[in-house]
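S.K.: My structure file structure34.pdb, PDB, C-alpha atoms, is below:
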ATOM      1  CA  MET Z 122      54.113  75.598  30.715
ATOM      2  CA  TYR Z 123      53.896  73.598  33.927
ATOM      3  CA  ALA Z 124      57.469  72.283  33.814
ATOM      4  CA  ASN Z 125      58.787  75.808  33.522
ATOM      5  CA  ALA Z 126      57.064  76.851  36.722
ATOM      6  CA  GLN Z 127      58.771  74.115  38.752
ATOM      7  CA  LYS Z 128      62.210  75.609  38.305
ATOM      8  CA  PRO Z 129      63.522  77.458  41.370
ATOM      9  CA  SER Z 130      63.282  81.205  40.830
ATOM     10  CA  THR Z 131      66.473  83.267  40.701
ATOM     11  CA  ARG Z 132      67.384  84.679  44.131
ATOM     12  CA  TRP Z 133      69.689  87.609  44.779
ATOM     13  CA  ALA Z 134      71.512  88.374  48.009
ATOM     14  CA  PHE Z 135      73.682  91.195  49.360
ATOM     15  CA  PHE Z 136      76.406  90.118  51.780
ATOM     16  CA  ALA Z 137      78.260  92.396  54.213
ATOM     17  CA  GLU Z 138      80.694  90.777  56.646
ATOM     18  CA  PHE Z 139      81.643  92.420  59.923
ATOM     19  CA  PRO Z 140      84.465  90.663  61.868
ATOM     20  CA  TYR Z 141      83.734  90.414  65.601
ATOM     21  CA  HIS Z 142      87.225  91.499  66.655
ATOM     22  CA  GLY Z 143      87.172  94.428  64.228
ATOM     23  CA  CYS Z 144      83.816  95.638  65.493
ATOM     24  CA  MET Z 145      84.841  95.296  69.124
ATOM     25  CA  ARG Z 146      88.036  97.314  68.596
ATOM     26  CA  SER Z 147      86.051 100.091  66.907
ATOM     27  CA  PRO Z 148      83.243 101.758  68.945
ATOM     28  CA  LEU Z 149      81.615 102.886  65.713
ATOM     29  CA  GLY Z 150      81.751  99.347  64.352
ATOM     30  CA  ALA Z 151      80.222  97.974  67.550
ATOM     31  CA  ILE Z 152      77.403 100.533  67.392
ATOM     32  CA  ILE Z 153      76.712  99.672  63.718
ATOM     33  CA  LEU Z 154      76.598  95.957  64.563
ATOM     34  CA  LEU Z 155      74.227  96.612  67.487
ATOM     35  CA  ILE Z 156      71.923  98.768  65.335
ATOM     36  CA  LEU Z 157      71.864  96.121  62.601
ATOM     37  CA  TRP Z 158      71.095  93.373  65.135
ATOM     38  CA  LYS Z 159      68.284  95.383  66.755
ATOM     39  CA  SER Z 160      66.811  96.380  63.373
ATOM     40  CA  VAL Z 161      66.691  92.789  62.143
ATOM     41  CA  ALA Z 162      65.327  91.488  65.457
ATOM     42  CA  CYS Z 163      62.551  94.093  65.559
ATOM     43  CA  SER Z 164      61.662  93.380  61.935
ATOM     44  CA  GLN Z 165      61.402  89.644  62.582
ATOM     45  CA  GLN Z 166      59.436  90.222  65.794
ATOM     46  CA  SER Z 167      56.979  92.523  64.037
ATOM     47  CA  ASP Z 168      56.400  89.929  61.343
ATOM     48  CA  SER Z 169      55.879  87.091  63.819
ATOM     49  CA  LEU Z 170      53.576  89.094  66.109
ATOM     50  CA  SER Z 171      51.683  90.775  63.269
ATOM     51  CA  VAL Z 172      51.825  94.120  65.093
ATOM     52  CA  ARG Z 173      50.153  95.980  62.265
ATOM     53  CA  GLU Z 174      47.637  94.285  60.035
ATOM     54  CA  PRO Z 175      47.829  95.567  56.443
ATOM     55  CA  SER Z 176      44.838  97.608  55.365
ATOM     56  CA  ALA Z 177      42.371  96.359  52.762
ATOM     57  CA  ILE Z 178      43.793  98.881  50.300
ATOM     58  CA  ASP Z 179      47.314  97.555  50.865
ATOM     59  CA  ILE Z 180      46.126  93.975  50.372
ATOM     60  CA  ILE Z 181      44.237  94.816  47.177
ATOM     61  CA  GLN Z 182      47.201  96.719  45.770
ATOM     62  CA  GLY Z 183      49.528  93.838  46.602
ATOM     63  CA  ASP Z 184      47.231  91.278  45.030
ATOM     64  CA  GLY Z 185      46.777  93.472  41.966
ATOM     65  CA  LEU Z 186      50.532  93.671  41.529
ATOM     66  CA  THR Z 187      50.791  89.905  41.928
ATOM     67  CA  ALA Z 188      48.121  89.403  39.264
ATOM     68  CA  LEU Z 189      50.015  91.673  36.864
ATOM     69  CA  LYS Z 190      53.237  89.775  37.532
ATOM     70  CA  ALA Z 191      51.395  86.514  36.904
ATOM     71  CA  LEU Z 192      50.109  87.817  33.579
ATOM     72  CA  GLY Z 193      53.608  88.818  32.515
ATOM     73  CA  PHE Z 194      55.084  85.535  33.731
ATOM     74  CA  GLU Z 195      52.619  83.343  31.864
ATOM     75  CA  LEU Z 196      52.528  85.306  28.605
ATOM     76  CA  SER Z 197      56.328  85.472  28.451
ATOM     77  CA  ALA Z 198      56.765  81.813  29.431
ATOM     78  CA  PRO Z 199      57.740  80.564  25.922
ATOM     79  CA  ALA Z 200      60.879  82.698  26.085
ATOM     80  CA  ARG Z 201      62.020  80.645  29.107
ATOM     81  CA  TRP Z 202      60.954  77.186  27.962
ATOM     82  CA  ASP Z 203      63.493  74.390  28.021
ATOM     83  CA  GLY Z 204      63.419  70.992  26.354
ATOM     84  CA  ARG Z 205      60.839  69.585  28.754
ATOM     85  CA  ASP Z 206      58.512  72.533  28.168
ATOM     86  CA  TRP Z 207      58.761  72.231  24.408
ATOM     87  CA  LEU Z 208      58.061  68.530  24.744
ATOM     88  CA  THR Z 209      54.889  69.333  26.697
ATOM     89  CA  PHE Z 210      53.912  71.890  24.074
ATOM     90  CA  SER Z 211      54.467  69.323  21.350
ATOM     91  CA  ALA Z 212      52.390  66.764  23.250
ATOM     92  CA  VAL Z 213      49.501  69.241  23.405
ATOM     93  CA  GLY Z 214      49.780  69.781  19.671
ATOM     94  CA  VAL Z 215      49.927  66.058  18.952
ATOM     95  CA  GLY Z 216      46.962  65.401  21.230
ATOM     96  CA  THR Z 217      44.924  68.085  19.512
ATOM     97  CA  ALA Z 218      45.829  66.806  16.053
ATOM     98  CA  ALA Z 219      44.992  63.237  17.043
ATOM     99  CA  SER Z 220      41.608  64.257  18.440
ATOM    100  CA  SER Z 221      40.768  66.039  15.185
ATOM    101  CA  GLY Z 222      40.400  62.584  13.674
ATOM    102  CA  LEU Z 223      37.260  62.270  15.801
ATOM    103  CA  ASP Z 224      35.778  65.627  14.804
ATOM    104  CA  ILE Z 225      33.390  64.345  12.160
ATOM    105  CA  ASP Z 226      32.238  61.236  14.030
ATOM    106  CA  VAL Z 227      31.680  63.018  17.345
ATOM    107  CA  ARG Z 228      29.725  65.778  15.656
ATOM    108  CA  ALA Z 229      27.531  63.198  13.922
ATOM    109  CA  LEU Z 230      26.948  61.461  17.267
ATOM    110  CA  MET Z 231      25.928  64.723  18.894
ATOM    111  CA  ARG Z 232      23.577  65.629  16.050
ATOM    112  CA  ARG Z 233      21.865  62.226  16.215
ATOM    113  CA  ASN Z 234      21.084  62.615  19.909
ATOM    114  CA  GLN Z 235      19.544  66.060  20.018
ATOM    115  CA  THR Z 236      16.690  66.351  22.545
ATOM    116  CA  LYS Z 237      15.080  69.197  24.451
ATOM    117  CA  ARG Z 238      16.317  67.735  27.714
ATOM    118  CA  GLY Z 239      19.828  67.499  26.314
ATOM    119  CA  GLY Z 240      19.646  71.085  25.120
ATOM    120  CA  ASP Z 241      18.602  72.300  28.567
ATOM    121  CA  LEU Z 242      21.445  70.414  30.202
ATOM    122  CA  ALA Z 243      23.931  71.769  27.656
ATOM    123  CA  ASN Z 244      22.791  75.354  28.272
ATOM    124  CA  ALA Z 245      23.169  74.844  32.017
ATOM    125  CA  ALA Z 246      26.650  73.329  31.655
ATOM    126  CA  MET Z 247      27.744  76.207  29.424
ATOM    127  CA  GLN Z 248      27.255  78.663  32.290
ATOM    128  CA  TYR Z 249      30.325  77.191  33.974
ATOM    129  CA  GLY Z 250      32.378  78.301  31.006
ATOM    130  CA  SER Z 251      30.969  81.816  30.745
ATOM    131  CA  GLY Z 252      33.817  84.273  31.150
ATOM    132  CA  LEU Z 253      31.587  86.893  32.757
ATOM    133  CA  ASN Z 254      30.042  84.435  35.207
ATOM    134  CA  MET Z 255      33.357  83.003  36.334
ATOM    135  CA  ILE Z 256      35.029  86.401  36.663
ATOM    136  CA  LEU Z 257      32.101  87.583  38.806
ATOM    137  CA  LEU Z 258      32.381  84.381  40.870
ATOM    138  CA  SER Z 259      36.108  84.931  41.336
ATOM    139  CA  ALA Z 260      35.523  88.570  42.286
ATOM    140  CA  GLY Z 261      32.859  87.533  44.792
ATOM    141  CA  GLY Z 262      35.172  84.960  46.339
ATOM    142  CA  TYR Z 263      37.938  87.544  46.572
ATOM    143  CA  ALA Z 264      35.638  90.083  48.247
ATOM    144  CA  ALA Z 265      34.444  87.451  50.719
ATOM    145  CA  GLY Z 266      38.006  86.387  51.527
ATOM    146  CA  LEU Z 267      38.970  90.017  52.067
ATOM    147  CA  ALA Z 268      35.937  90.684  54.288
ATOM    148  CA  VAL Z 269      36.398  87.674  56.578
ATOM    149  CA  HIS Z 270      40.222  87.776  56.506
ATOM    150  CA  ASN Z 271      40.442  84.372  54.858
ATOM    151  CA  ARG Z 272      43.755  84.465  53.045
ATOM    152  CA  TRP Z 273      43.325  81.137  51.289
ATOM    153  CA  LEU Z 274      39.989  82.157  49.783
ATOM    154  CA  ARG Z 275      41.282  85.552  48.743
ATOM    155  CA  GLU Z 276      44.417  84.176  47.116
ATOM    156  CA  THR Z 277      42.603  81.316  45.411
ATOM    157  CA  SER Z 278      39.984  83.662  43.973
ATOM    158  CA  MET Z 279      42.690  86.013  42.757
ATOM    159  CA  LEU Z 280      44.508  83.128  41.079
ATOM    160  CA  ALA Z 281      41.296  81.815  39.504
ATOM    161  CA  GLY Z 282      40.476  85.221  38.041
ATOM    162  CA  SER Z 283      44.045  85.624  36.807
ATOM    163  CA  ALA Z 284      44.016  82.170  35.179
ATOM    164  CA  ILE Z 285      40.758  82.971  33.380
ATOM    165  CA  ILE Z 286      42.151  86.248  32.041
ATOM    166  CA  ILE Z 287      45.449  84.677  30.973
ATOM    167  CA  ALA Z 288      43.844  81.636  29.342
ATOM    168  CA  GLY Z 289      41.198  83.844  27.742
ATOM    169  CA  THR Z 290      43.904  86.054  26.243
ATOM    170  CA  VAL Z 291      45.705  83.033  24.805
ATOM    171  CA  SER Z 292      42.382  81.691  23.479
ATOM    172  CA  THR Z 293      41.407  84.942  21.785
ATOM    173  CA  LEU Z 294      44.776  85.370  20.096
ATOM    174  CA  THR Z 295      44.744  81.765  18.890
ATOM    175  CA  LYS Z 296      41.197  82.057  17.537
ATOM    176  CA  VAL Z 297      42.114  85.139  15.506
ATOM    177  CA  VAL Z 298      45.356  83.714  14.147
ATOM    178  CA  VAL Z 299      43.949  80.282  13.257
ATOM    179  CA  GLY Z 300      40.475  81.284  12.050
ATOM    180  CA  ARG Z 301      38.938  77.813  12.092
ATOM    181  CA  ALA Z 302      35.366  77.359  10.836
ATOM    182  CA  ARG Z 303      32.787  76.344  13.412
ATOM    183  CA  PRO Z 304      30.847  73.122  12.809
ATOM    184  CA  TYR Z 305      27.548  74.864  12.023
ATOM    185  CA  VAL Z 306      29.176  76.694   9.107
ATOM    186  CA  GLN Z 307      29.054  73.345   7.291
ATOM    187  CA  LYS Z 308      32.461  73.752   5.645
ATOM    188  CA  GLY Z 309      34.256  70.904   7.414
ATOM    189  CA  HIS Z 310      36.766  70.766  10.221
ATOM    190  CA  LEU Z 311      39.753  71.624   8.029
ATOM    191  CA  THR Z 312      38.529  75.010   6.816
ATOM    192  CA  PHE Z 313      40.548  77.980   8.059
ATOM    193  CA  ARG Z 314      40.373  81.723   7.450
ATOM    194  CA  PRO Z 315      43.150  83.281   9.532
ATOM    195  CA  PHE Z 316      42.668  86.785  10.947
ATOM    196  CA  THR Z 317      38.919  86.867  10.318
ATOM    197  CA  LEU Z 318      37.641  89.532  12.727
ATOM    198  CA  SER Z 319      34.251  90.351  11.253
ATOM    199  CA  THR Z 320      32.438  87.194  12.331
ATOM    200  CA  GLU Z 321      32.441  84.514  15.026
ATOM    201  CA  ASP Z 322      31.906  81.843  12.379
ATOM    202  CA  TYR Z 323      35.670  81.384  12.076
ATOM    203  CA  ALA Z 324      36.642  81.456  15.746
ATOM    204  CA  SER Z 325      36.333  77.784  16.616
ATOM    205  CA  LEU Z 326      39.820  76.804  17.774
ATOM    206  CA  PRO Z 327      40.141  76.599  20.742
ATOM    207  CA  SER Z 328      36.867  76.503  22.684
ATOM    208  CA  GLY Z 329      36.694  79.649  24.805
ATOM    209  CA  HIS Z 330      34.098  78.231  27.203
ATOM    210  CA  THR Z 331      36.278  75.164  27.758
ATOM    211  CA  ILE Z 332      39.289  77.402  28.346
ATOM    212  CA  VAL Z 333      37.451  79.314  31.075
ATOM    213  CA  ALA Z 334      35.972  76.207  32.712
ATOM    214  CA  PHE Z 335      39.262  74.326  32.917
ATOM    215  CA  ALA Z 336      41.190  77.407  34.041
ATOM    216  CA  PHE Z 337      38.830  77.859  36.992
ATOM    217  CA  SER Z 338      38.708  74.141  37.839
ATOM    218  CA  GLY Z 339      42.462  73.783  37.408
ATOM    219  CA  VAL Z 340      43.275  76.488  39.944
ATOM    220  CA  LEU Z 341      40.805  75.114  42.485
ATOM    221  CA  ALA Z 342      42.126  71.575  42.018
ATOM    222  CA  GLU Z 343      45.718  72.709  42.542
ATOM    223  CA  ARG Z 344      44.834  74.747  45.631
ATOM    224  CA  ILE Z 345      42.548  72.173  47.265
ATOM    225  CA  GLN Z 346      44.836  69.207  46.574
ATOM    226  CA  ASN Z 347      42.161  66.545  47.067
ATOM    227  CA  THR Z 348      41.647  63.705  44.577
ATOM    228  CA  TRP Z 349      37.860  63.605  44.812
ATOM    229  CA  ALA Z 350      37.599  67.374  44.574
ATOM    230  CA  SER Z 351      39.824  67.331  41.489
ATOM    231  CA  ILE Z 352      37.667  64.652  39.844
ATOM    232  CA  ALA Z 353      34.515  66.681  40.516
ATOM    233  CA  LEU Z 354      36.026  69.949  39.306
ATOM    234  CA  TYR Z 355      37.468  68.538  36.100
ATOM    235  CA  SER Z 356      34.250  66.615  35.410
ATOM    236  CA  LEU Z 357      32.300  69.850  35.684
ATOM    237  CA  ALA Z 358      34.707  71.553  33.276
ATOM    238  CA  ALA Z 359      34.483  68.590  30.886
ATOM    239  CA  SER Z 360      30.679  68.830  30.880
ATOM    240  CA  CYS Z 361      31.031  72.411  29.680
ATOM    241  CA  GLY Z 362      33.239  71.244  26.814
ATOM    242  CA  VAL Z 363      30.754  68.539  25.864
ATOM    243  CA  SER Z 364      27.936  71.090  25.886
ATOM    244  CA  ARG Z 365      29.809  73.186  23.303
ATOM    245  CA  MET Z 366      30.015  70.180  21.002
ATOM    246  CA  TYR Z 367      26.372  69.293  21.642
ATOM    247  CA  THR Z 368      25.240  72.768  20.560
ATOM    248  CA  ASP Z 369      27.363  72.482  17.388
ATOM    249  CA  GLU Z 370      29.613  75.398  18.360
ATOM    250  CA  HIS Z 371      32.874  73.447  18.495
ATOM    251  CA  TRP Z 372      34.711  70.398  17.208
ATOM    252  CA  VAL Z 373      36.079  67.878  19.672
ATOM    253  CA  SER Z 374      39.646  69.016  18.917
ATOM    254  CA  ASP Z 375      38.667  72.595  19.865
ATOM    255  CA  VAL Z 376      37.624  71.315  23.265
ATOM    256  CA  VAL Z 377      40.726  69.148  23.708
ATOM    257  CA  LEU Z 378      43.065  72.051  22.961
ATOM    258  CA  GLY Z 379      41.151  74.355  25.297
ATOM    259  CA  ALA Z 380      41.276  71.844  28.140
ATOM    260  CA  LEU Z 381      44.971  70.998  27.779
ATOM    261  CA  THR Z 382      45.957  74.649  27.470
ATOM    262  CA  SER Z 383      44.057  75.719  30.566
ATOM    263  CA  VAL Z 384      45.291  72.833  32.706
ATOM    264  CA  ALA Z 385      48.882  73.730  31.803
ATOM    265  CA  ILE Z 386      48.309  77.429  32.525
ATOM    266  CA  SER Z 387      46.487  76.925  35.829
ATOM    267  CA  ARG Z 388      49.073  74.473  37.160
ATOM    268  CA  SER Z 389      51.920  76.709  36.094
ATOM    269  CA  LEU Z 390      50.265  79.756  37.655
ATOM    270  CA  VAL Z 391      49.649  78.121  41.041
ATOM    271  CA  SER Z 392      53.160  76.663  41.084
ATOM    272  CA  TRP Z 393      54.635  80.096  40.318
ATOM    273  CA  PHE Z 394      52.532  81.730  43.022
ATOM    274  CA  GLU Z 395      53.555  79.213  45.679
ATOM    275  CA  ALA Z 396      57.198  79.701  44.729
ATOM    276  CA  GLN Z 397      56.768  83.471  45.058
ATOM    277  CA  LYS Z 398      55.305  83.053  48.545
ATOM    278  CA  GLU Z 399      58.193  80.854  49.651
ATOM    279  CA  SER Z 400      60.671  83.298  48.184
ATOM    280  CA  SER Z 401      59.036  86.218  49.956
ATOM    281  CA  ALA Z 402      58.869  84.370  53.267
ATOM    282  CA  SER Z 403      62.553  83.474  53.224
ATOM    283  CA  GLY Z 404      63.753  86.856  51.990
ATOM    284  CA  GLY Z 405      64.807  89.982  53.924
ATOM    285  CA  LEU Z 406      67.619  90.774  56.342
ATOM    286  CA  ARG Z 407      69.413  88.070  58.324
ATOM    287  CA  LEU Z 408      72.467  88.019  60.570
ATOM    288  CA  VAL Z 409      74.497  84.852  60.044
ATOM    289  CA  PRO Z 410      77.435  83.962  62.351
ATOM    290  CA  THR Z 411      80.408  82.782  60.261
ATOM    291  CA  GLY Z 412      83.489  81.685  62.178
ATOM    292  CA  ASN Z 413      84.982  84.753  63.851
ATOM    293  CA  ALA Z 414      82.658  87.194  62.079
ATOM    294  CA  VAL Z 415      79.002  88.016  61.581
ATOM    295  CA  THR Z 416      77.568  88.394  58.088
ATOM    296  CA  LEU Z 417      74.603  90.578  57.188
ATOM    297  CA  VAL Z 418      72.621  88.896  54.408
ATOM    298  CA  TRP Z 419      69.896  90.731  52.516
ATOM    299  CA  GLU Z 420      67.944  88.378  50.215
ATOM    300  CA  PHE Z 421      65.564  89.781  47.604
TER     301      PHE Z 421
END
Please render this file's structure as structure tokens.
M.R.:
Amino acid sequence: MYANAQKPSTRWAFFAEFPYHGCMRSPLGAIILLILWKSVACSQQSDSLSVREPSAIDIIQGDGLTALKALGFELSAPARWDGRDWLTFSAVGVGTAASSGLDIDVRALMRRNQTKRGGDLANAAMQYGSGLNMILLSAGGYAAGLAVHNRWLRETSMLAGSAIIIAGTVSTLTKVVVGRARPYVQKGHLTFRPFTLSTEDYASLPSGHTIVAFAFSGVLAERIQNTWASIALYSLAASCGVSRMYTDEHWVSDVVLGALTSVAISRSLVSWFEAQKESSASGGLRLVPTGNAVTLVWEF
């Protein structure tokens, strides 16, 4: 969950201390110290001057590895949750349960206001929650960022695609385990057939389209960090959720759970990624003067 991602990641460091007087008395020690100093200086200079730009293949491989790490981080998150995370998880559950009290009334409202115009708008809004559409959009953004050397666009597209895959995985597993009847089945909102794989009729909770829409919007909102942009993005995702209720595919509580789950995942993912970047930027070899000695520090 989001709270879990805010914790500082574990850092490891190797320390080797070389006293100045000891190194100066030993020619070999002095040579080792000089080599270490020159190696670190050249490494830092190469990074700052960007002597060699990484190839597209190197970038893609690095981003692919990051995406795999993100998948593992998010799917294993419950094993690292603390009290705050479990409280957030409980709040999501309580919010979903509370919204289920509106399932019947909201469905009746939607059914009373069916029009051709409304149906067209609902079908258009649903495209924002199509897994295939949003993955293709993320892939296109990634390719564009790679082509024009726009790091922000490339990273954001990679994160959006990763969030969709992660949230979609959580959604699919939950649907199978819970097996909730869809509204059009006409069996009520409290009918469940767990582990029903033969039909989509019992795959209502949570809303997959809502999951995808809020995962994509959540990542963009976190990366853009602009209030008006966030309002627009989350409104667009919400319209997708409403469209799923309008077409009688989902209960309101399905949509609420999908939205809350994806917001938590997208925020956690972006927070984790930013922490990884900071960790990577501050890592590596450093020479630190300490009193009458110099210490080689290797952080990783």
S.K.: Would you mind reading off the distance between CA of His330 in chain Z and CA of Asp375 in chain Z, one decimal, in Å?
M.R.: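 Answer for the CA of His330 in chain Z to CA of Asp375 in chain Z separation: 10.3 Å.
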S.K.: For CA of Gly183 in chain Z and CA of Ala380 in chain Z, determine how far apart the two atoms are, in Å to one decimal place.
M.R.: 29.9 Å
S.K.: Which residues are close to Ser251 in chain Z, i.e. within 12 Å by all atoms listed in the file, leaving aside same-chain residues fewer than 2 positions away? Reply as a list of chain:residue names.
M.R.: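 Once the adjacent positions are removed, what remains is Z:Asn244, Z:Ala245, Z:Ala246, Z:Met247, Z:Gln248, Z:Tyr249, Z:Leu253, Z:Asn254, Z:Met255, Z:Ile256, Z:Leu257, Z:Leu258, Z:Ile285, Z:Gly289, Z:Ser328, Z:Gly329, Z:His330, Z:Thr331, Z:Ile332, Z:Val333, Z:Ala334, Z:Phe335, Z:Ala336, Z:Phe337, Z:Ala358, Z:Cys361, Z:Gly362, Z:Arg365.
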S.K.: Could you state the separation of CA of Leu192 in chain Z and CA of Ser283 in chain Z in Å, given to one decimal place?
M.R.: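 A separation of 7.2 Å between them.
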S.K.: For Ala212 in chain Z, which of Z:Val291, Z:Ser278, Z:Asp241, Z:Ala385 is the closest residue, counting all atoms listed in the file?
M.R.: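 Distance minimum relative to Ala212 in chain Z lands on Z:Ala385.
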S.K.: Which residue is closest to Gly185 in chain Z? Choose from Z:Leu230, Z:Met279, Z:Val297, Z:Leu311 and count all atoms listed in the file.
M.R.: Z:Met279
S.K.: So that I can see what lies close to Gln235 in chain Z, please list as a list in words the residues with an atom at most 9 Å from it, counting only C-alpha atoms and leaving out residues fewer than 5 positions away in the same chain.
M.R.: Gly240, Tyr367 and Thr368 of chain Z
S.K.: So which residues get picked by the PyMOL selection byres ((chain Z and resi 210) around 12) here, written as number ranges by chain?
M.R.: Z: 122-125, 198-199, 202-209, 211-217, 378, 381-382, 385-386
S.K.: With the file shown as input, list the residues that the PyMOL selection byres ((chain Z and resi 275) around 8) selects, as a VMD selection string.
M.R.: chain Z and resid 262 to 267 271 to 274 276 to 279
S.K.: Might you pull out every residue within 8 Å of Phe316 in chain Z, with all atoms listed in the file counted and same-chain residues fewer than 4 positions away left off, and present them as a PDB file with C-alpha atoms, in the coordinates of the input?
M.R.:
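The resulting file, result-v6.pdb, is shown below:
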ATOM      1  CA  VAL Z 297      42.114  85.139  15.506  1.00  0.00           C
ATOM      2  CA  VAL Z 298      45.356  83.714  14.147  1.00  0.00           C
ATOM      3  CA  VAL Z 299      43.949  80.282  13.257  1.00  0.00           C
ATOM      4  CA  GLY Z 300      40.475  81.284  12.050  1.00  0.00           C
TER       5      GLY Z 300
END
S.K.: Taking the file above as input, evaluate the PyMOL selection byres ((chain Z and resi 296) around 8) and report the hits as number ranges by chain.
M.R.: Z: 292-295, 297-301, 323-327
S.K.: Choose the residue, out of Z:Gln346, Z:Ser338, Z:Ser176, Z:Thr187, that has the smallest atom-to-atom separation from Trp393 in chain Z; count all atoms listed in the file.
M.R.: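 Residue with the minimum atom-to-atom distance to Trp393 in chain Z: Z:Thr187.
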S.K.: Take every atom of range 278-286 of chain Z listed in the file, fit an axis-aligned box around them, add 8 Å per side, and give the centre and edge lengths in Å to one decimal as JSON.
M.R.:
{"center_x": 42.2, "center_y": 84.0, "center_z": 38.0, "size_x": 20.5, "size_y": 20.4, "size_z": 27.9}
S.K.: If we count all atoms listed in the file and set the cut-off at 9 Å, which residues sit around Leu196 in chain Z, ignoring sequence neighbours fewer than 5 positions away in its own chain? Please answer as a PyMOL selection string.
M.R.: chain Z and resi 191+287+290-291
